[in-house]
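Okay, entry38.txt is below, compact mmCIF, C-alpha atoms:
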# COMPACT_ATOMS: atom_id res chain seq x y z
CA MET A 1 62.32 -41.29 -34.74
CA ASN A 2 62.60 -37.81 -33.33
CA GLY A 3 58.86 -37.39 -33.44
CA CYS A 4 58.38 -40.72 -31.66
CA CYS A 5 60.94 -39.87 -29.00
CA ALA A 6 59.40 -36.48 -28.53
CA GLY A 7 56.06 -38.10 -27.95
CA ARG A 8 57.54 -40.41 -25.31
CA SER A 9 59.47 -37.65 -23.59
CA GLU A 10 56.30 -35.61 -22.98
CA ARG A 11 55.01 -36.01 -19.45
CA ARG A 12 51.51 -35.22 -18.32
CA CYS A 13 50.57 -34.09 -14.85
CA SER A 14 47.51 -35.30 -13.02
CA ALA A 15 45.60 -32.23 -14.11
CA GLY A 16 46.12 -33.18 -17.77
CA ALA A 17 48.52 -30.33 -18.57
CA ALA A 18 51.26 -31.17 -21.08
CA LEU A 19 54.79 -30.43 -19.84
CA PRO A 20 57.72 -30.01 -22.24
CA ALA A 21 60.42 -32.63 -22.36
CA GLY A 22 63.08 -32.07 -19.74
CA ALA A 23 60.67 -30.75 -17.13
CA GLY A 24 61.27 -32.85 -14.06
CA ALA A 25 58.93 -34.35 -11.50
CA GLY A 26 59.33 -31.25 -9.36
CA ALA A 27 57.87 -29.09 -12.07
CA ALA A 28 54.91 -31.43 -12.44
CA ALA A 29 54.35 -31.44 -8.72
CA GLY A 30 54.56 -27.64 -8.64
CA ALA A 31 51.96 -27.32 -11.37
CA ALA A 32 49.63 -29.70 -9.58
CA GLY A 33 50.12 -27.89 -6.27
CA SER A 34 49.33 -24.52 -7.78
CA ARG A 35 46.18 -25.98 -9.28
CA GLU A 36 45.02 -27.26 -5.92
CA ARG A 37 45.71 -23.96 -4.13
CA GLU A 38 43.87 -21.85 -6.73
CA PRO A 39 40.37 -21.89 -5.01
CA LEU A 40 41.91 -20.64 -1.77
CA THR A 41 43.32 -17.54 -3.41
CA SER A 42 40.59 -16.83 -5.96
CA PRO A 43 38.99 -13.38 -5.48
CA ASP A 44 35.63 -14.77 -6.67
CA ARG A 45 35.60 -17.50 -4.03
CA SER A 46 36.56 -15.01 -1.33
CA ARG A 47 33.72 -12.71 -2.30
CA ALA A 48 31.31 -15.65 -2.31
CA ARG A 49 32.35 -16.69 1.20
CA SER A 50 31.97 -13.11 2.42
CA ARG A 51 28.53 -12.82 0.83
CA ARG A 52 27.33 -16.09 2.39
CA HIS A 53 28.59 -14.91 5.78
CA ARG A 54 26.62 -11.66 5.50
CA GLN A 55 23.50 -13.57 4.49
CA ARG A 56 23.75 -15.86 7.52
CA VAL A 57 24.13 -12.89 9.88
CA ARG A 58 21.18 -11.06 8.32
CA ALA A 59 19.00 -14.17 8.50
CA ALA A 60 19.82 -14.54 12.18
CA ARG A 61 18.86 -10.91 12.93
CA ARG A 62 15.90 -10.58 10.58
CA PRO A 63 12.54 -9.90 12.33
CA VAL A 64 10.11 -12.79 12.03
CA THR A 65 6.86 -11.72 10.41
CA SER A 66 3.86 -13.63 9.19
CA ARG A 67 0.40 -13.11 7.78
CA ALA A 68 -0.96 -13.80 11.27
CA ARG A 69 0.79 -10.67 12.63
CA LEU A 70 -1.15 -8.63 10.10
CA GLY A 71 -4.45 -10.25 11.04
CA VAL A 72 -4.69 -11.78 7.57
CA PRO A 73 -6.05 -15.34 7.22
CA PRO A 74 -3.70 -17.91 5.63
CA ARG A 75 -3.78 -18.12 1.85
CA PRO A 76 -5.79 -21.01 0.39
CA PRO A 77 -3.69 -23.71 -1.31
CA GLY A 78 -2.63 -22.73 -4.79
CA SER A 79 -3.45 -19.03 -4.42
CA ARG A 80 -1.08 -16.38 -5.71
CA GLY A 81 -0.76 -12.76 -4.67
CA ASP A 82 -0.77 -10.34 -7.57
CA ARG A 83 -0.62 -7.20 -5.47
CA ARG A 84 1.41 -5.95 -2.56
CA ILE A 85 0.99 -4.44 0.86
CA ILE A 86 3.19 -1.75 2.25
CA ALA A 87 3.05 -2.18 6.00
CA THR A 88 4.77 -0.73 9.01
CA THR A 89 5.88 -3.62 11.25
CA HIS A 90 9.34 -3.30 12.83
CA PRO A 91 11.66 -0.31 12.91
CA PRO A 92 15.00 -0.78 11.13
CA ARG A 93 17.55 -2.49 13.36
CA ARG A 94 21.24 -1.73 13.64
CA ALA A 95 23.80 -4.29 14.80
CA GLU A 96 27.53 -3.96 15.34
CA GLY A 97 29.23 -3.98 11.97
CA PHE A 98 25.99 -4.08 9.98
CA SER A 99 23.51 -1.44 8.83
CA PHE A 100 19.92 -2.21 7.96
CA THR A 101 18.03 0.43 5.97
CA ALA A 102 14.54 -1.14 5.79
CA PRO A 103 12.38 -3.63 7.72
CA MET A 104 11.53 -7.04 6.36
CA ALA A 105 8.54 -6.82 3.97
CA LEU A 106 5.39 -8.67 4.98
CA PRO A 107 3.79 -11.27 2.74
CA PRO A 108 1.22 -9.45 0.59
CA PRO A 109 -2.39 -10.19 1.56
CA ASP A 110 -4.85 -10.54 -1.28
CA PRO A 111 -8.47 -9.39 -1.26
CA GLN A 112 -10.74 -12.07 0.14
CA PHE A 113 -12.58 -11.73 -3.16
CA VAL A 114 -13.29 -9.12 -5.83
CA LEU A 115 -16.74 -8.20 -7.16
CA ARG A 116 -17.00 -7.25 -10.82
CA GLY A 117 -19.96 -6.42 -13.00
CA THR A 118 -21.09 -2.90 -12.09
CA SER A 119 -19.99 -1.63 -15.55
CA ALA A 120 -19.34 1.77 -13.97
CA PRO A 121 -17.26 3.41 -11.22
CA VAL A 122 -18.47 2.55 -7.70
CA HIS A 123 -19.25 5.54 -5.44
CA THR A 124 -20.85 4.09 -2.31
CA LEU A 125 -20.96 0.84 -0.31
CA HIS A 126 -23.04 -0.41 2.62
CA PHE A 127 -23.09 -3.81 4.38
CA SER A 128 -26.07 -5.61 5.88
CA CYS A 129 -24.62 -8.67 7.63
CA GLY A 130 -25.80 -8.43 11.22
CA GLY A 131 -29.01 -10.46 10.95
CA PRO A 132 -29.73 -13.95 12.37
CA GLU A 133 -27.71 -16.88 11.04
CA PRO A 134 -30.09 -17.97 8.23
CA ASP A 135 -29.97 -14.48 6.73
CA ILE A 136 -27.66 -14.05 3.75
CA PRO A 137 -25.04 -11.31 4.29
CA LEU A 138 -25.44 -8.57 1.70
CA LEU A 139 -23.41 -5.69 0.31
CA PHE A 140 -25.15 -2.77 -1.39
CA SER A 141 -23.22 -0.71 -3.95
CA GLY A 142 -24.15 2.46 -5.81
CA SER A 143 -22.59 3.17 -9.21
CA GLU A 144 -22.07 6.06 -11.57
CA ASN A 145 -24.53 4.57 -14.09
CA GLY A 146 -27.42 4.94 -11.60
CA PHE A 147 -27.71 1.28 -10.57
CA ILE A 148 -27.79 -0.09 -7.03
CA HIS A 149 -26.44 -3.65 -6.92
CA VAL A 150 -27.33 -6.04 -4.11
CA TRP A 151 -24.43 -8.49 -3.74
CA ASN A 152 -24.81 -11.91 -2.15
CA LEU A 153 -21.63 -12.35 -0.09
CA LYS A 154 -21.93 -16.15 -0.11
CA THR A 155 -22.14 -16.58 -3.87
CA HIS A 156 -20.24 -13.32 -4.68
CA ARG A 157 -22.86 -12.52 -7.29
CA VAL A 158 -25.55 -9.87 -7.80
CA ASP A 159 -28.94 -10.87 -6.40
CA THR A 160 -30.76 -7.74 -7.56
CA ALA A 161 -30.02 -4.62 -9.60
CA LEU A 162 -32.14 -1.58 -8.72
CA ASP A 163 -32.69 1.31 -11.12
CA GLY A 164 -34.47 4.30 -9.62
CA HIS A 165 -32.28 7.35 -10.24
CA GLY A 166 -32.70 7.86 -13.97
CA ARG A 167 -29.21 6.53 -14.75
CA LYS A 168 -27.67 9.33 -12.66
CA SER A 169 -24.80 8.56 -10.29
CA VAL A 170 -25.74 7.02 -6.92
CA TYR A 171 -23.44 8.23 -4.14
CA CYS A 172 -25.20 7.19 -0.91
CA VAL A 173 -26.91 3.92 0.12
CA GLU A 174 -28.14 3.07 3.66
CA THR A 175 -30.44 0.45 5.15
CA MET A 176 -33.19 1.51 7.56
CA GLY A 177 -33.54 -1.04 10.35
CA GLY A 178 -33.03 -4.06 8.09
CA LYS A 179 -32.07 -5.17 4.61
CA ASP A 180 -35.65 -4.89 3.30
CA ARG A 181 -35.84 -1.09 3.70
CA LEU A 182 -33.29 0.91 1.76
CA LEU A 183 -32.47 4.59 1.27
CA SER A 184 -30.47 5.86 -1.70
CA GLN A 185 -29.33 9.26 -2.91
CA GLY A 186 -28.39 10.19 -6.47
CA ARG A 187 -27.30 12.98 -8.77
CA ASP A 188 -30.88 13.25 -9.99
CA GLN A 189 -31.42 15.34 -6.81
CA ARG A 190 -33.61 12.67 -5.26
CA ILE A 191 -33.47 10.55 -2.12
CA CYS A 192 -35.41 7.33 -2.71
CA LEU A 193 -36.93 4.93 -0.17
CA TRP A 194 -37.11 1.29 -1.32
CA ASP A 195 -39.19 -1.71 -0.23
CA LEU A 196 -37.23 -4.90 -0.95
CA ALA A 197 -39.33 -7.34 1.09
CA GLU A 198 -40.48 -10.55 -0.67
CA GLY A 199 -38.42 -9.79 -3.74
CA ARG A 200 -39.94 -6.37 -4.42
CA THR A 201 -37.78 -3.74 -6.13
CA SER A 202 -40.01 -0.69 -5.96
CA VAL A 203 -39.45 2.89 -4.79
CA THR A 204 -42.08 3.60 -2.16
CA ASP A 205 -41.32 7.29 -1.61
CA SER A 206 -38.81 9.98 -2.53
CA VAL A 207 -37.55 13.38 -1.41
CA PHE A 208 -36.44 16.06 -3.85
CA THR A 209 -33.26 17.67 -2.43
CA GLU A 210 -32.67 20.48 -4.97
CA HIS A 211 -28.95 20.19 -4.21
CA VAL A 212 -26.53 19.78 -7.12
CA GLY A 213 -23.36 18.85 -5.19
CA PHE A 214 -21.96 15.51 -4.02
CA CYS A 215 -22.70 15.86 -0.30
CA ARG A 216 -23.95 12.52 1.05
CA CYS A 217 -26.93 12.63 3.37
CA SER A 218 -26.69 11.28 6.94
CA LEU A 219 -29.27 9.04 8.61
CA LEU A 220 -29.94 8.64 12.35
CA LYS A 221 -32.50 6.42 14.08
CA VAL A 222 -34.12 8.36 16.94
CA ALA A 223 -36.99 6.01 17.85
CA GLN A 224 -38.67 2.85 16.63
CA GLY A 225 -39.79 3.61 13.09
CA ARG A 226 -38.55 7.22 13.26
CA TRP A 227 -35.47 8.57 11.57
CA LEU A 228 -33.76 11.90 11.06
CA ILE A 229 -32.05 12.66 7.80
CA ALA A 230 -29.62 15.55 7.20
CA MET A 231 -29.00 16.70 3.64
CA ALA A 232 -27.55 19.68 1.83
CA ALA A 233 -30.29 22.16 0.97
CA ARG A 234 -30.91 24.24 -2.12
CA SER A 235 -29.28 27.34 -0.67
CA LEU A 236 -25.49 27.26 -0.90
CA GLU A 237 -24.52 26.97 2.78
CA GLU A 238 -27.65 25.45 4.33
CA VAL A 239 -28.36 21.97 5.70
CA GLN A 240 -31.91 20.69 5.98
CA ILE A 241 -33.09 18.19 8.62
CA LEU A 242 -36.18 16.05 7.90
CA GLU A 243 -38.02 13.40 9.86
CA LEU A 244 -38.78 10.11 8.09
CA PRO A 245 -41.04 8.56 7.02
CA SER A 246 -43.30 11.60 7.47
CA LYS A 247 -40.85 13.90 5.59
CA THR A 248 -41.63 16.63 8.13
CA SER A 249 -39.08 19.45 8.23
CA VAL A 250 -37.34 19.66 11.62
CA CYS A 251 -35.09 22.66 10.97
CA THR A 252 -32.77 24.34 8.48
CA LEU A 253 -29.23 25.01 9.69
CA LYS A 254 -27.95 28.37 8.45
CA PRO A 255 -24.45 29.76 9.19
CA GLU A 256 -24.11 33.20 10.68
CA VAL A 257 -24.08 36.14 8.31
CA GLY A 258 -20.59 36.67 6.93
CA ALA A 259 -19.30 33.21 7.91
CA LYS A 260 -18.60 32.24 4.25
CA LEU A 261 -18.36 28.50 4.88
CA GLY A 262 -19.20 27.52 1.32
CA MET A 263 -21.15 24.39 0.45
CA PRO A 264 -21.53 21.54 2.94
CA MET A 265 -19.35 18.65 1.71
CA CYS A 266 -20.01 15.88 4.27
CA LEU A 267 -22.43 15.31 7.15
CA LYS A 268 -22.59 13.11 10.28
CA LEU A 269 -25.68 12.93 12.50
CA TRP A 270 -25.17 11.38 15.95
CA GLN A 271 -26.37 11.37 19.54
CA LEU A 272 -24.75 10.28 22.78
CA SER A 273 -27.59 7.96 23.76
CA CYS A 274 -31.13 7.13 22.76
CA GLY A 275 -33.34 10.01 23.77
CA SER A 276 -30.57 12.61 23.94
CA GLN A 277 -30.53 15.60 21.63
CA PRO A 278 -29.31 14.82 18.12
CA VAL A 279 -26.19 16.66 16.98
CA LEU A 280 -24.77 17.23 13.50
CA LEU A 281 -21.15 17.54 12.39
CA ALA A 282 -20.80 19.21 9.00
CA GLY A 283 -17.65 19.65 6.90
CA TYR A 284 -17.61 22.67 4.61
CA GLU A 285 -15.95 23.92 1.46
CA ASP A 286 -13.71 26.37 3.33
CA GLY A 287 -12.03 23.52 5.28
CA SER A 288 -13.95 24.03 8.52
CA ILE A 289 -16.07 21.66 10.62
CA VAL A 290 -19.13 22.95 12.47
CA LEU A 291 -20.99 21.26 15.35
CA TRP A 292 -24.73 21.94 15.24
CA ASN A 293 -27.41 21.46 17.91
CA VAL A 294 -30.25 20.13 15.75
CA PRO A 295 -33.33 20.91 17.94
CA MET A 296 -32.08 24.45 18.56
CA GLY A 297 -30.80 24.98 15.00
CA LYS A 298 -27.71 26.58 16.49
CA ALA A 299 -23.98 26.26 15.78
CA LEU A 300 -22.15 25.21 18.96
CA SER A 301 -18.57 25.26 17.71
CA ARG A 302 -16.50 25.79 14.57
CA LEU A 303 -13.01 24.51 13.80
CA ILE A 304 -10.87 25.24 10.73
CA CYS A 305 -8.78 22.10 10.34
CA HIS A 306 -8.03 22.00 6.58
CA GLN A 307 -6.90 24.43 3.93
CA GLU A 308 -9.05 22.68 1.31
CA PRO A 309 -12.69 21.45 1.30
CA VAL A 310 -13.45 18.70 3.81
CA MET A 311 -14.14 15.63 1.65
CA SER A 312 -15.10 13.16 4.39
CA LEU A 313 -15.36 12.80 8.17
CA ASP A 314 -16.33 10.28 10.83
CA PHE A 315 -16.90 10.61 14.56
CA ASP A 316 -16.49 8.35 17.60
CA SER A 317 -19.10 9.48 20.11
CA GLU A 318 -17.70 7.22 22.86
CA LYS A 319 -14.30 8.91 22.78
CA ALA A 320 -15.71 12.29 21.64
CA LYS A 321 -13.09 12.26 18.89
CA GLY A 322 -13.37 12.55 15.12
CA ILE A 323 -11.25 12.48 11.96
CA SER A 324 -11.49 14.27 8.63
CA GLY A 325 -9.70 14.28 5.28
CA SER A 326 -9.53 16.63 2.32
CA SER A 327 -7.70 17.01 -0.98
CA GLU A 328 -4.54 17.78 1.02
CA LYS A 329 -1.88 15.37 2.32
CA VAL A 330 -3.17 15.75 5.90
CA LEU A 331 -5.57 13.80 8.09
CA SER A 332 -6.92 15.92 10.93
CA ILE A 333 -7.97 14.37 14.24
CA TRP A 334 -10.06 16.57 16.50
CA SER A 335 -11.85 16.21 19.81
CA LEU A 336 -14.94 17.60 21.49
CA ASN A 337 -14.54 18.82 25.06
CA GLU A 338 -17.19 19.07 27.77
CA GLN A 339 -17.99 22.65 26.75
CA GLN A 340 -18.93 21.38 23.26
CA ASN A 341 -15.90 23.04 21.68
CA LEU A 342 -14.02 21.41 18.81
CA GLN A 343 -10.23 21.44 18.98
CA VAL A 344 -7.45 19.89 16.93
CA TYR A 345 -6.08 16.82 18.69
CA LYS A 346 -3.50 15.60 16.17
CA THR A 347 -2.59 15.67 12.49
CA HIS A 348 -1.06 12.99 10.29
CA GLU A 349 0.72 13.71 7.01
CA LEU A 350 0.14 11.32 4.12
CA VAL A 351 2.51 10.40 1.31
CA ASN A 352 0.00 11.36 -1.41
CA ALA A 353 -2.79 13.93 -1.40
CA GLY A 354 -6.51 13.29 -1.64
CA ILE A 355 -8.94 11.40 0.62
CA SER A 356 -12.34 10.43 -0.80
CA ASP A 357 -13.79 8.62 2.22
CA ILE A 358 -13.04 7.81 5.87
CA THR A 359 -14.76 5.29 8.09
CA ILE A 360 -14.11 4.04 11.63
CA ARG A 361 -14.86 0.37 12.24
CA PRO A 362 -17.85 -0.17 14.58
CA ASP A 363 -15.61 -1.62 17.32
CA LYS A 364 -13.55 1.60 17.27
CA LYS A 365 -10.24 -0.27 16.90
CA ILE A 366 -9.15 0.68 13.38
CA LEU A 367 -10.17 3.01 10.56
CA ALA A 368 -9.82 2.98 6.79
CA THR A 369 -9.35 5.74 4.22
CA ALA A 370 -10.03 5.74 0.47
CA GLY A 371 -7.30 7.54 -1.47
CA TRP A 372 -7.02 9.33 -4.75
CA ASP A 373 -3.71 7.49 -5.17
CA HIS A 374 -5.63 4.18 -5.66
CA ARG A 375 -4.76 2.92 -2.17
CA ILE A 376 -6.65 1.93 0.97
CA ARG A 377 -4.90 2.92 4.20
CA ILE A 378 -5.50 1.23 7.54
CA PHE A 379 -4.75 3.02 10.84
CA GLY A 380 -5.10 2.17 14.50
CA TRP A 381 -7.77 4.50 15.86
CA LYS A 382 -6.31 4.95 19.35
CA LYS A 383 -3.04 6.61 18.25
CA LEU A 384 -3.57 6.81 14.47
CA LYS A 385 -0.69 4.39 13.99
CA PRO A 386 -0.29 3.43 10.29
CA LEU A 387 -0.90 -0.31 10.01
CA ALA A 388 -1.10 -1.11 6.31
CA VAL A 389 -1.49 0.25 2.80
CA LEU A 390 -3.57 -2.00 0.55
CA ASP A 391 -2.55 -1.56 -3.06
CA TYR A 392 -4.96 -3.39 -5.36
CA HIS A 393 -6.98 -0.89 -7.38
CA THR A 394 -5.80 0.83 -10.55
CA ALA A 395 -7.80 4.06 -10.16
CA THR A 396 -9.16 6.37 -7.44
CA VAL A 397 -10.79 4.59 -4.51
CA HIS A 398 -14.09 6.38 -3.92
CA CYS A 399 -15.48 4.64 -0.82
CA VAL A 400 -14.69 2.26 2.02
CA SER A 401 -17.07 0.44 4.36
CA PHE A 402 -16.76 -2.03 7.25
CA SER A 403 -19.21 -4.90 7.67
CA ASP A 404 -21.57 -5.16 10.64
CA HIS A 405 -21.02 -8.89 11.30
CA SER A 406 -21.91 -9.89 14.86
CA ASN A 407 -18.96 -12.33 14.93
CA PRO A 408 -15.64 -10.41 14.90
CA ARG A 409 -13.95 -13.20 12.94
CA ASP A 410 -16.29 -12.55 10.01
CA ARG A 411 -15.55 -8.82 9.74
CA LEU A 412 -14.89 -7.52 6.24
CA LEU A 413 -13.70 -4.30 4.64
CA ALA A 414 -14.98 -3.32 1.20
CA ALA A 415 -13.60 -0.65 -1.13
CA GLY A 416 -15.19 0.69 -4.31
CA SER A 417 -13.15 2.28 -7.07
CA LYS A 418 -13.26 4.16 -10.31
CA ASP A 419 -11.84 1.01 -11.94
CA GLN A 420 -15.37 -0.52 -11.60
CA ARG A 421 -14.26 -3.15 -9.07
CA ILE A 422 -15.14 -3.77 -5.42
CA SER A 423 -12.37 -5.36 -3.37
CA VAL A 424 -13.41 -7.17 -0.18
CA TRP A 425 -10.76 -7.77 2.48
CA SER A 426 -10.47 -9.75 5.69
CA ILE A 427 -7.79 -7.87 7.60
CA TYR A 428 -7.31 -7.30 11.35
CA ALA A 429 -10.58 -9.17 11.81
CA GLN A 430 -9.60 -10.36 15.30
CA THR A 431 -8.00 -7.14 16.55

When written as structure tokens, how does the structure in this file appear?
Amino acid sequence: MNGCCAGRSERRCSAGAALPAGAGAGAAAGAAGSREREPLTSPDRSRARSRRHRQRVRAARRPVTSRARLGVPPRPPGSRGDRRIIATTHPPRRAEGFSFTAPMALPPPDPQFVLRGTSAPVHTLHFSCGGPEPDIPLLFSGSENGFIHVWNLKTHRVDTALDGHGRKSVYCVETMGGKDRLLSQGRDQRICLWDLAEGRTSVTDSVFTEHVGFCRCSLLKVAQGRWLIAMAARSLEEVQILELPSKTSVCTLKPEVGAKLGMPMCLKLWQLSCGSQPVLLAGYEDGSIVLWNVPMGKALSRLICHQEPVMSLDFDSEKAKGISGSSEKVLSIWSLNEQQNLQVYKTHELVNAGISDITIRPDKKILATAGWDHRIRIFGWKKLKPLAVLDYHTATVHCVSFSDHSNPRDRLLAAGSKDQRISVWSIYAQT
């Protein structure tokens, strides 16, 4: 009986909580009320509301970015990005009551495509895409195993593999007036001239350089069917100029006695206009750049712009301004005044040391650098504004090259790396 009465005297509130006998309706109501008020006083719910409020404010103030701002074409359906881009877009913003420490990250662009199959590190790249519409755009690559691969950019496959340097590393490839005539330079101390017309793959002529370094030669067209080529000579500090195809020696550029420039590391032949005197810019082992008058065989100006050997340089003859990189963390921008004197214009400090290659796009809008830190850096050429850091490769990037497409929308950037891959990018194509 007691047990039965006890069971009847128990009252249950709407929340299902058992109340002891004798607890009145007020107690039940109090328990239910406290249950209903619990979410309003819960610390977890308060923190959640505060967090959602902060997220709404940040979303309202967040800079809007897109792949279009970066000049990157939209991703094809189903594609996935497996790498990232570190890009400078908007400066950090500060609003009342909120502090922002970093800009919104851009969506990572992927390479347009990646070329594999060289079976060796890639040391040089050269495009040939500027022909008439029926012509197939090509990319030439030179590898450490001595092969030159001719890549079809429509099929993304190798059309031809050329072997003419005795399996020694190829570190310079250039076309001569069209994709059928090719020049290559290798560690076998030879510069080879190729005839690729009608499917031929033969070396038609060669020049023995006697130079054991890694200085790439420089080619300049001076007249129809006539070319000048600058290359490091057998003597330590000398540069030899030849005329092609006759292989006639034009001059040998020798530094003044006691200059102690060291070996030439990179060369750039250029002229202001067709018919004007050709000029050579040479970067040396001591970190200096020398401007040479080729017909006179005379040094016009010398500028020490690096503390380490100059690894690469490029020059914009329209703006009379050039850029160079070394094994340091510094890019040096220099100019040439009307008196033919070189002077430092600006410097830019990099995050990581080591630049393998520098090239300015033919339209003189942007430039690209190949880094020892596995990255490709893109800068605006006018003010050297950092635009993007392309992080795809897993080893040193040895070379970068821009395509010579006649249509700006088709422009490409290619990078060759020690990881045996060639990444091809479409970035800032419409800048």

If you take only C-alpha atoms and a cut-off of 8 Å, which residues of region 312-416 of chain A touch region 278-290 of chain A, and what are their nearest atom pairs and distances in Å to one decimal, in chain and number order, as JSON lines?
{"residue": "A:Ser312", "atom": "CA", "partner": "A:Gly283", "partner_atom": "CA", "distance": 7.4}
{"residue": "A:Leu313", "atom": "CA", "partner": "A:Gly283", "partner_atom": "CA", "distance": 7.3}
{"residue": "A:Ser326", "atom": "CA", "partner": "A:Gly287", "partner_atom": "CA", "distance": 7.9}

Fill in: Distance in Å - CA of Leu183 (chain A) versus CA of Ser169 (chain A)
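Separation of CA of Leu183 (chain A) and CA of Ser169 (chain A): 14.4 Å.
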
Worksheet entry | Given all atoms listed in the file as the counted atoms, nearest of A:Gly177, A:His149, A:His126, A:Gly117 to Ala414 (chain A) |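 Of A:Gly177, A:His149, A:His126, A:Gly117, the one nearest Ala414 (chain A), counting all atoms listed in the file, is A:His126.
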
Practice prompt. Dig up all the protein and nucleic acid residues within 12 Å of (-30.6, 8.1, -12.6) in the file frame, using all atoms listed in the file, and format them as a PyMOL selection string.
Written response: chain A and resi 142-148+162-171+184-192

How would the residues just chosen look if you wrote them out with C-alpha atoms as a PDB file, in the frame of the given file?
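out.pdb was written with the following content:
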ATOM      1  CA  GLY A 142     -24.150   2.460  -5.810  1.00  0.00           C
ATOM      2  CA  SER A 143     -22.590   3.170  -9.210  1.00  0.00           C
ATOM      3  CA  GLU A 144     -22.070   6.060 -11.570  1.00  0.00           C
ATOM      4  CA  ASN A 145     -24.530   4.570 -14.090  1.00  0.00           C
ATOM      5  CA  GLY A 146     -27.420   4.940 -11.600  1.00  0.00           C
ATOM      6  CA  PHE A 147     -27.710   1.280 -10.570  1.00  0.00           C
ATOM      7  CA  ILE A 148     -27.790  -0.090  -7.030  1.00  0.00           C
ATOM      8  CA  LEU A 162     -32.140  -1.580  -8.720  1.00  0.00           C
ATOM      9  CA  ASP A 163     -32.690   1.310 -11.120  1.00  0.00           C
ATOM     10  CA  GLY A 164     -34.470   4.300  -9.620  1.00  0.00           C
ATOM     11  CA  HIS A 165     -32.280   7.350 -10.240  1.00  0.00           C
ATOM     12  CA  GLY A 166     -32.700   7.860 -13.970  1.00  0.00           C
ATOM     13  CA  ARG A 167     -29.210   6.530 -14.750  1.00  0.00           C
ATOM     14  CA  LYS A 168     -27.670   9.330 -12.660  1.00  0.00           C
ATOM     15  CA  SER A 169     -24.800   8.560 -10.290  1.00  0.00           C
ATOM     16  CA  VAL A 170     -25.740   7.020  -6.920  1.00  0.00           C
ATOM     17  CA  TYR A 171     -23.440   8.230  -4.140  1.00  0.00           C
ATOM     18  CA  SER A 184     -30.470   5.860  -1.700  1.00  0.00           C
ATOM     19  CA  GLN A 185     -29.330   9.260  -2.910  1.00  0.00           C
ATOM     20  CA  GLY A 186     -28.390  10.190  -6.470  1.00  0.00           C
ATOM     21  CA  ARG A 187     -27.300  12.980  -8.770  1.00  0.00           C
ATOM     22  CA  ASP A 188     -30.880  13.250  -9.990  1.00  0.00           C
ATOM     23  CA  GLN A 189     -31.420  15.340  -6.810  1.00  0.00           C
ATOM     24  CA  ARG A 190     -33.610  12.670  -5.260  1.00  0.00           C
ATOM     25  CA  ILE A 191     -33.470  10.550  -2.120  1.00  0.00           C
ATOM     26  CA  CYS A 192     -35.410   7.330  -2.710  1.00  0.00           C
TER      27      CYS A 192
END

Item to complete: Point out the residue among A:Arg116, A:Lys260, A:Arg377, A:Lys179 with the least atom-to-atom distance to Val158 (chain A), counting only C-alpha atoms.
Response: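 Among the listed residues, the smallest separation from Val158 (chain A) belongs to A:Arg116.
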
Worksheet item: If we count only C-alpha atoms, what is near Asp410 (chain A) at a cut-off of 12 Å, once residues fewer than 4 positions away on the same chain are taken out, given as a VMD selection string?
Response: chain A and resid 72 to 73 112 129 to 130 137 153 402 to 406 424 to 431

Output for the residues just chosen: C-alpha atoms as a PDB file, in the frame of the given file:
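Output contents, as saved in result-v2.pdb:
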ATOM      1  CA  VAL A  72      -4.690 -11.780   7.570  1.00  0.00           C
ATOM      2  CA  PRO A  73      -6.050 -15.340   7.220  1.00  0.00           C
ATOM      3  CA  GLN A 112     -10.740 -12.070   0.140  1.00  0.00           C
ATOM      4  CA  CYS A 129     -24.620  -8.670   7.630  1.00  0.00           C
ATOM      5  CA  GLY A 130     -25.800  -8.430  11.220  1.00  0.00           C
ATOM      6  CA  PRO A 137     -25.040 -11.310   4.290  1.00  0.00           C
ATOM      7  CA  LEU A 153     -21.630 -12.350  -0.090  1.00  0.00           C
ATOM      8  CA  PHE A 402     -16.760  -2.030   7.250  1.00  0.00           C
ATOM      9  CA  SER A 403     -19.210  -4.900   7.670  1.00  0.00           C
ATOM     10  CA  ASP A 404     -21.570  -5.160  10.640  1.00  0.00           C
ATOM     11  CA  HIS A 405     -21.020  -8.890  11.300  1.00  0.00           C
ATOM     12  CA  SER A 406     -21.910  -9.890  14.860  1.00  0.00           C
ATOM     13  CA  VAL A 424     -13.410  -7.170  -0.180  1.00  0.00           C
ATOM     14  CA  TRP A 425     -10.760  -7.770   2.480  1.00  0.00           C
ATOM     15  CA  SER A 426     -10.470  -9.750   5.690  1.00  0.00           C
ATOM     16  CA  ILE A 427      -7.790  -7.870   7.600  1.00  0.00           C
ATOM     17  CA  TYR A 428      -7.310  -7.300  11.350  1.00  0.00           C
ATOM     18  CA  ALA A 429     -10.580  -9.170  11.810  1.00  0.00           C
ATOM     19  CA  GLN A 430      -9.600 -10.360  15.300  1.00  0.00           C
ATOM     20  CA  THR A 431      -8.000  -7.140  16.550  1.00  0.00           C
TER      21      THR A 431
END

Fill in: Sel. within 12 Å of pt (-41.5, 14.0, 12.7), counting all atoms listed in the file, output as a ChimeraX atom specification
/A:221-223,225-229,241-251,295

Worksheet item: Which residues, written as an MDAnalysis selection string, have at least one atom at most 6 Å from Met231 (chain A), with all atoms listed in the file counted and residues fewer than 5 positions away on the same chain left out?
Response: chainID A and resid 217 239:240
